[in-house]
Amino acid sequence: MAGTTVAEVMAELAALEDPKARAVNERHGDDHGVNLGRLRALAKRLKTQHDLARGLWETDDTAARLLALLICRPKAFERAELDAMVRETCAPKVHDWLVNYVVKKSPHAEALRLAWLADPDPVVASAGWALTTERVAKRPEGLDLAGLLDVIDAQMKDAPERLQWAMNHCLAQIGIEHSEHRTRALGIGERLQVLKDYPTSPGCTSPYAPVWITEMVRRKEGA
């Protein structure tokens, strides 16, 4: 489908609009009504089209931006572009996909991680923490894990929601992946009690760090 225009894609997205899907998405802060399975099917049909992705992003439409993140070339974005994209992203799903599907694959990921961690905007900072969690799990060499735990201990309890979630994920990942820091990570989680009462569906693991850490370690060790 090379040569597809933004207008054609926007018309197709409009045809996929589902009021029930919108109601569900809006409960999570995402203002679009396109089923994500259908969105992914459309992306698979379009394949990679970076110029089209740029055009879709510029519409400021949430569904179009999600689609853009699926058909873009992550390594084609400059650092300043990615920084601007994170700062203008409001919908949680767009933010998550931007960080996980695009920024993590960018050659600028580490520079952005360091810059965003120190950013005063909590949403931008949460992207820095998400990138840090990725490194904790996959490339921990050079990270000051004890220092990260110091920051989490001091700041997570009163952090805004999205930043708190990102810091909590990092706390859990440190406890899961690094046994030498596990006792401290569990202690921080137990003392701060962040997300302790978060409702969790049957069969799912609680995001409360002590439960999350314990369960994932049990699975890894085959207990």
# chains A, B, ... in the order shown; residues from 1 in each chain; ligands from 1
call {"tool": "residues_around", "arguments": {"residues": "A:Ile174", "least_positions_apart": "4", "cutoff": "9 Å", "atoms": "only C-alpha atoms", "output": "compact mmCIF listing (two decimals) with N, CA, C and O atoms, in the first residue's frame"}}
result
# COMPACT_ATOMS: atom_id res chain seq x y z
N THR A 133 14.27 1.18 33.31
CA THR A 133 13.80 -0.17 33.63
C THR A 133 14.24 -1.16 32.56
O THR A 133 14.63 -2.30 32.86
N VAL A 136 17.80 -1.88 33.29
CA VAL A 136 17.91 -2.73 34.49
C VAL A 136 17.75 -4.20 34.11
O VAL A 136 18.47 -5.07 34.60
N ALA A 137 16.84 -4.46 33.21
CA ALA A 137 16.54 -5.84 32.82
C ALA A 137 17.53 -6.40 31.80
O ALA A 137 17.89 -7.57 31.87
N LEU A 145 22.51 0.99 40.57
CA LEU A 145 21.24 0.45 41.05
C LEU A 145 20.92 0.92 42.46
O LEU A 145 19.77 1.23 42.78
N LEU A 149 17.62 3.08 43.66
CA LEU A 149 16.78 2.73 44.81
C LEU A 149 16.68 3.89 45.79
O LEU A 149 15.62 4.12 46.40
N HIS A 169 7.71 0.23 38.61
CA HIS A 169 8.15 -0.83 37.69
C HIS A 169 9.66 -1.01 37.79
O HIS A 169 10.17 -2.14 37.81
N CYS A 170 10.39 0.08 37.88
CA CYS A 170 11.85 0.00 38.00
C CYS A 170 12.23 -0.66 39.32
O CYS A 170 13.13 -1.51 39.36
N HIS A 178 18.06 -8.53 40.16
CA HIS A 178 19.34 -8.35 40.85
C HIS A 178 19.22 -8.78 42.31
O HIS A 178 18.80 -7.99 43.18
N SER A 179 19.59 -10.01 42.58
CA SER A 179 19.38 -10.61 43.90
C SER A 179 20.09 -9.85 45.01
O SER A 179 19.62 -9.81 46.15
N HIS A 181 20.23 -6.78 45.41
CA HIS A 181 19.43 -5.61 45.80
C HIS A 181 18.00 -5.99 46.17
O HIS A 181 17.18 -5.12 46.48
N ARG A 182 17.69 -7.29 46.15
CA ARG A 182 16.30 -7.73 46.32
C ARG A 182 15.74 -7.40 47.69
O ARG A 182 14.63 -6.90 47.81
N ALA A 185 14.94 -3.76 47.84
CA ALA A 185 13.79 -3.43 46.99
C ALA A 185 12.48 -3.87 47.65
O ALA A 185 11.49 -3.13 47.65
N ILE A 213 7.67 -8.80 42.82
CA ILE A 213 9.03 -9.34 42.89
C ILE A 213 9.01 -10.81 43.30
O ILE A 213 9.63 -11.67 42.66
call {"tool": "residues_around", "arguments": {"residues": "stretch 79-96 of chain A", "least_positions_apart": "5", "cutoff": "6 Å", "atoms": "only C-alpha atoms", "output": "list in words"}}
result
Asp30, Leu66 and His108 of chain A
call {"tool": "atom_distance", "arguments": {"atom1": "atom CA of A:Lys44", "atom2": "atom CA of A:Leu56"}}
result
15.7 Å
call {"tool": "closest_residue", "arguments": {"among": "A:Gly37, A:Pro107, A:Gly203, A:Gly55", "to": "A:Ala76", "atoms": "only C-alpha atoms"}}
result
A:Pro107
call {"tool": "residues_around", "arguments": {"residues": "stretch 204-209 of chain A", "least_positions_apart": "2", "cutoff": "10 Å", "atoms": "only C-alpha atoms", "output": "JSON, numbers by chain"}}
result
{"A": [165, 168, 169, 170, 171, 172, 173, 175, 176, 185, 186, 187, 188, 189, 190, 192, 193, 194, 195, 196, 197, 198, 199, 200, 201, 202, 211, 212, 213, 214, 215, 216]}
call {"tool": "atom_distance", "arguments": {"atom1": "atom CA of A:Glu78", "atom2": "atom CA of A:Ala109"}}
result
10.6 Å
call {"tool": "decode", "arguments": {"residues": "stretch 44-185 of chain A", "atoms": "C-alpha atoms", "output": "mmCIF file, in the first residue's frame"}}
result
data_model
loop_
_atom_site.group_PDB
_atom_site.id
_atom_site.type_symbol
_atom_site.label_atom_id
_atom_site.label_comp_id
_atom_site.auth_asym_id
_atom_site.auth_seq_id
_atom_site.Cartn_x
_atom_site.Cartn_y
_atom_site.Cartn_z
ATOM 1 C CA LYS A 44 0.373 -4.831 8.936
ATOM 2 C CA ARG A 45 -1.334 -4.064 5.636
ATOM 3 C CA LEU A 46 0.315 -0.645 5.306
ATOM 4 C CA LYS A 47 3.752 -1.981 6.301
ATOM 5 C CA THR A 48 6.583 0.462 7.048
ATOM 6 C CA GLN A 49 5.966 3.916 5.580
ATOM 7 C CA HIS A 50 7.903 6.518 7.512
ATOM 8 C CA ASP A 51 6.694 9.573 5.594
ATOM 9 C CA LEU A 52 3.093 8.467 6.044
ATOM 10 C CA ALA A 53 3.805 7.910 9.736
ATOM 11 C CA ARG A 54 5.056 11.485 10.067
ATOM 12 C CA GLY A 55 1.908 12.766 8.395
ATOM 13 C CA LEU A 56 -0.335 10.719 10.642
ATOM 14 C CA TRP A 57 1.502 11.927 13.733
ATOM 15 C CA GLU A 58 1.003 15.541 12.694
ATOM 16 C CA THR A 59 -2.803 15.087 12.675
ATOM 17 C CA ASP A 60 -2.728 15.044 16.513
ATOM 18 C CA ASP A 61 -5.382 12.298 16.354
ATOM 19 C CA THR A 62 -4.799 9.546 18.927
ATOM 20 C CA ALA A 63 -5.681 6.584 16.688
ATOM 21 C CA ALA A 64 -3.613 8.050 13.854
ATOM 22 C CA ARG A 65 -0.648 8.532 16.172
ATOM 23 C CA LEU A 66 -0.877 4.951 17.420
ATOM 24 C CA LEU A 67 -0.885 3.763 13.811
ATOM 25 C CA ALA A 68 2.047 6.036 13.015
ATOM 26 C CA LEU A 69 4.095 4.400 15.755
ATOM 27 C CA LEU A 70 3.442 0.984 14.187
ATOM 28 C CA ILE A 71 4.504 1.908 10.644
ATOM 29 C CA CYS A 72 7.393 4.306 11.273
ATOM 30 C CA ARG A 73 11.135 3.618 11.201
ATOM 31 C CA PRO A 74 12.279 4.180 14.802
ATOM 32 C CA LYS A 75 15.906 4.782 13.831
ATOM 33 C CA ALA A 76 14.914 7.506 11.363
ATOM 34 C CA PHE A 77 13.892 9.992 14.064
ATOM 35 C CA GLU A 78 16.362 12.568 15.324
ATOM 36 C CA ARG A 79 16.826 13.031 19.056
ATOM 37 C CA ALA A 80 15.080 16.412 19.040
ATOM 38 C CA GLU A 81 12.080 14.917 17.219
ATOM 39 C CA LEU A 82 11.657 12.158 19.794
ATOM 40 C CA ASP A 83 11.989 14.656 22.626
ATOM 41 C CA ALA A 84 9.289 16.841 21.087
ATOM 42 C CA MET A 85 7.023 13.841 20.474
ATOM 43 C CA VAL A 86 7.193 12.735 24.100
ATOM 44 C CA ARG A 87 6.448 16.254 25.323
ATOM 45 C CA GLU A 88 3.358 16.658 23.140
ATOM 46 C CA THR A 89 1.921 13.218 23.925
ATOM 47 C CA CYS A 90 -1.065 13.223 26.262
ATOM 48 C CA ALA A 91 -2.821 9.877 25.710
ATOM 49 C CA PRO A 92 -1.273 7.168 27.914
ATOM 50 C CA LYS A 93 -1.353 4.502 25.180
ATOM 51 C CA VAL A 94 0.441 6.794 22.718
ATOM 52 C CA HIS A 95 3.048 7.569 25.374
ATOM 53 C CA ASP A 96 3.586 3.880 26.133
ATOM 54 C CA TRP A 97 3.871 2.867 22.477
ATOM 55 C CA LEU A 98 6.147 5.788 21.661
ATOM 56 C CA VAL A 99 8.591 4.813 24.399
ATOM 57 C CA ASN A 100 8.388 1.046 23.920
ATOM 58 C CA TYR A 101 8.068 0.711 20.144
ATOM 59 C CA VAL A 102 10.120 3.674 18.986
ATOM 60 C CA VAL A 103 12.428 5.303 21.543
ATOM 61 C CA LYS A 104 13.792 1.996 22.866
ATOM 62 C CA LYS A 105 14.885 1.114 19.318
ATOM 63 C CA SER A 106 16.483 4.504 18.677
ATOM 64 C CA PRO A 107 20.230 5.153 18.741
ATOM 65 C CA HIS A 108 19.339 8.180 20.904
ATOM 66 C CA ALA A 109 17.673 6.092 23.631
ATOM 67 C CA GLU A 110 20.462 6.384 26.197
ATOM 68 C CA ALA A 111 20.953 10.124 25.753
ATOM 69 C CA LEU A 112 17.210 10.658 26.064
ATOM 70 C CA ARG A 113 17.036 8.381 29.105
ATOM 71 C CA LEU A 114 19.547 10.499 30.960
ATOM 72 C CA ALA A 115 17.931 13.777 29.928
ATOM 73 C CA TRP A 116 14.391 12.686 30.709
ATOM 74 C CA LEU A 117 15.185 11.208 34.121
ATOM 75 C CA ALA A 118 16.020 14.699 35.341
ATOM 76 C CA ASP A 119 13.101 16.446 33.605
ATOM 77 C CA PRO A 120 10.688 18.429 35.803
ATOM 78 C CA ASP A 121 7.695 17.237 33.742
ATOM 79 C CA PRO A 122 6.547 14.010 35.451
ATOM 80 C CA VAL A 123 5.274 12.488 32.207
ATOM 81 C CA VAL A 124 8.607 13.097 30.491
ATOM 82 C CA ALA A 125 10.426 11.803 33.571
ATOM 83 C CA SER A 126 8.299 8.658 33.466
ATOM 84 C CA ALA A 127 9.671 7.969 29.977
ATOM 85 C CA GLY A 128 13.184 8.239 31.428
ATOM 86 C CA TRP A 129 12.280 5.733 34.114
ATOM 87 C CA ALA A 130 10.775 3.359 31.531
ATOM 88 C CA LEU A 131 14.030 3.426 29.579
ATOM 89 C CA THR A 132 15.947 2.871 32.815
ATOM 90 C CA THR A 133 13.802 -0.167 33.625
ATOM 91 C CA GLU A 134 14.683 -1.564 30.198
ATOM 92 C CA ARG A 135 18.371 -1.210 31.037
ATOM 93 C CA VAL A 136 17.909 -2.730 34.487
ATOM 94 C CA ALA A 137 16.543 -5.842 32.817
ATOM 95 C CA LYS A 138 18.718 -6.094 29.720
ATOM 96 C CA ARG A 139 21.850 -3.926 30.019
ATOM 97 C CA PRO A 140 22.489 -3.098 33.678
ATOM 98 C CA GLU A 141 26.223 -2.556 33.250
ATOM 99 C CA GLY A 142 27.132 0.948 34.364
ATOM 100 C CA LEU A 143 23.845 1.648 36.160
ATOM 101 C CA ASP A 144 23.976 2.759 39.770
ATOM 102 C CA LEU A 145 21.238 0.447 41.046
ATOM 103 C CA ALA A 146 21.720 1.477 44.669
ATOM 104 C CA GLY A 147 21.418 5.110 43.604
ATOM 105 C CA LEU A 148 18.213 4.379 41.700
ATOM 106 C CA LEU A 149 16.780 2.735 44.807
ATOM 107 C CA ASP A 150 17.735 5.853 46.806
ATOM 108 C CA VAL A 151 15.712 8.043 44.418
ATOM 109 C CA ILE A 152 12.759 5.642 44.379
ATOM 110 C CA ASP A 153 12.776 5.466 48.167
ATOM 111 C CA ALA A 154 12.768 9.250 48.476
ATOM 112 C CA GLN A 155 10.386 10.226 45.663
ATOM 113 C CA MET A 156 8.026 7.430 44.589
ATOM 114 C CA LYS A 157 5.474 7.744 47.395
ATOM 115 C CA ASP A 158 4.457 11.288 46.425
ATOM 116 C CA ALA A 159 5.130 11.124 42.679
ATOM 117 C CA PRO A 160 2.305 11.860 40.189
ATOM 118 C CA GLU A 161 0.522 8.731 38.966
ATOM 119 C CA ARG A 162 2.302 8.012 35.677
ATOM 120 C CA LEU A 163 5.718 8.736 37.149
ATOM 121 C CA GLN A 164 4.893 6.653 40.216
ATOM 122 C CA TRP A 165 3.957 3.688 38.031
ATOM 123 C CA ALA A 166 7.228 3.962 36.103
ATOM 124 C CA MET A 167 9.321 4.201 39.262
ATOM 125 C CA ASN A 168 7.448 1.268 40.792
ATOM 126 C CA HIS A 169 8.153 -0.825 37.689
ATOM 127 C CA CYS A 170 11.846 0.000 38.001
ATOM 128 C CA LEU A 171 11.792 -0.923 41.689
ATOM 129 C CA ALA A 172 10.223 -4.280 40.887
ATOM 130 C CA GLN A 173 12.632 -4.955 38.036
ATOM 131 C CA ILE A 174 15.651 -4.275 40.233
ATOM 132 C CA GLY A 175 14.275 -6.682 42.824
ATOM 133 C CA ILE A 176 13.480 -9.337 40.224
ATOM 134 C CA GLU A 177 16.706 -9.209 38.239
ATOM 135 C CA HIS A 178 19.338 -8.350 40.847
ATOM 136 C CA SER A 179 19.377 -10.608 43.898
ATOM 137 C CA GLU A 180 21.960 -8.471 45.690
ATOM 138 C CA HIS A 181 19.429 -5.610 45.803
ATOM 139 C CA ARG A 182 16.305 -7.728 46.319
ATOM 140 C CA THR A 183 16.019 -7.394 50.082
ATOM 141 C CA ARG A 184 16.250 -3.618 49.891
ATOM 142 C CA ALA A 185 13.791 -3.431 46.988
#
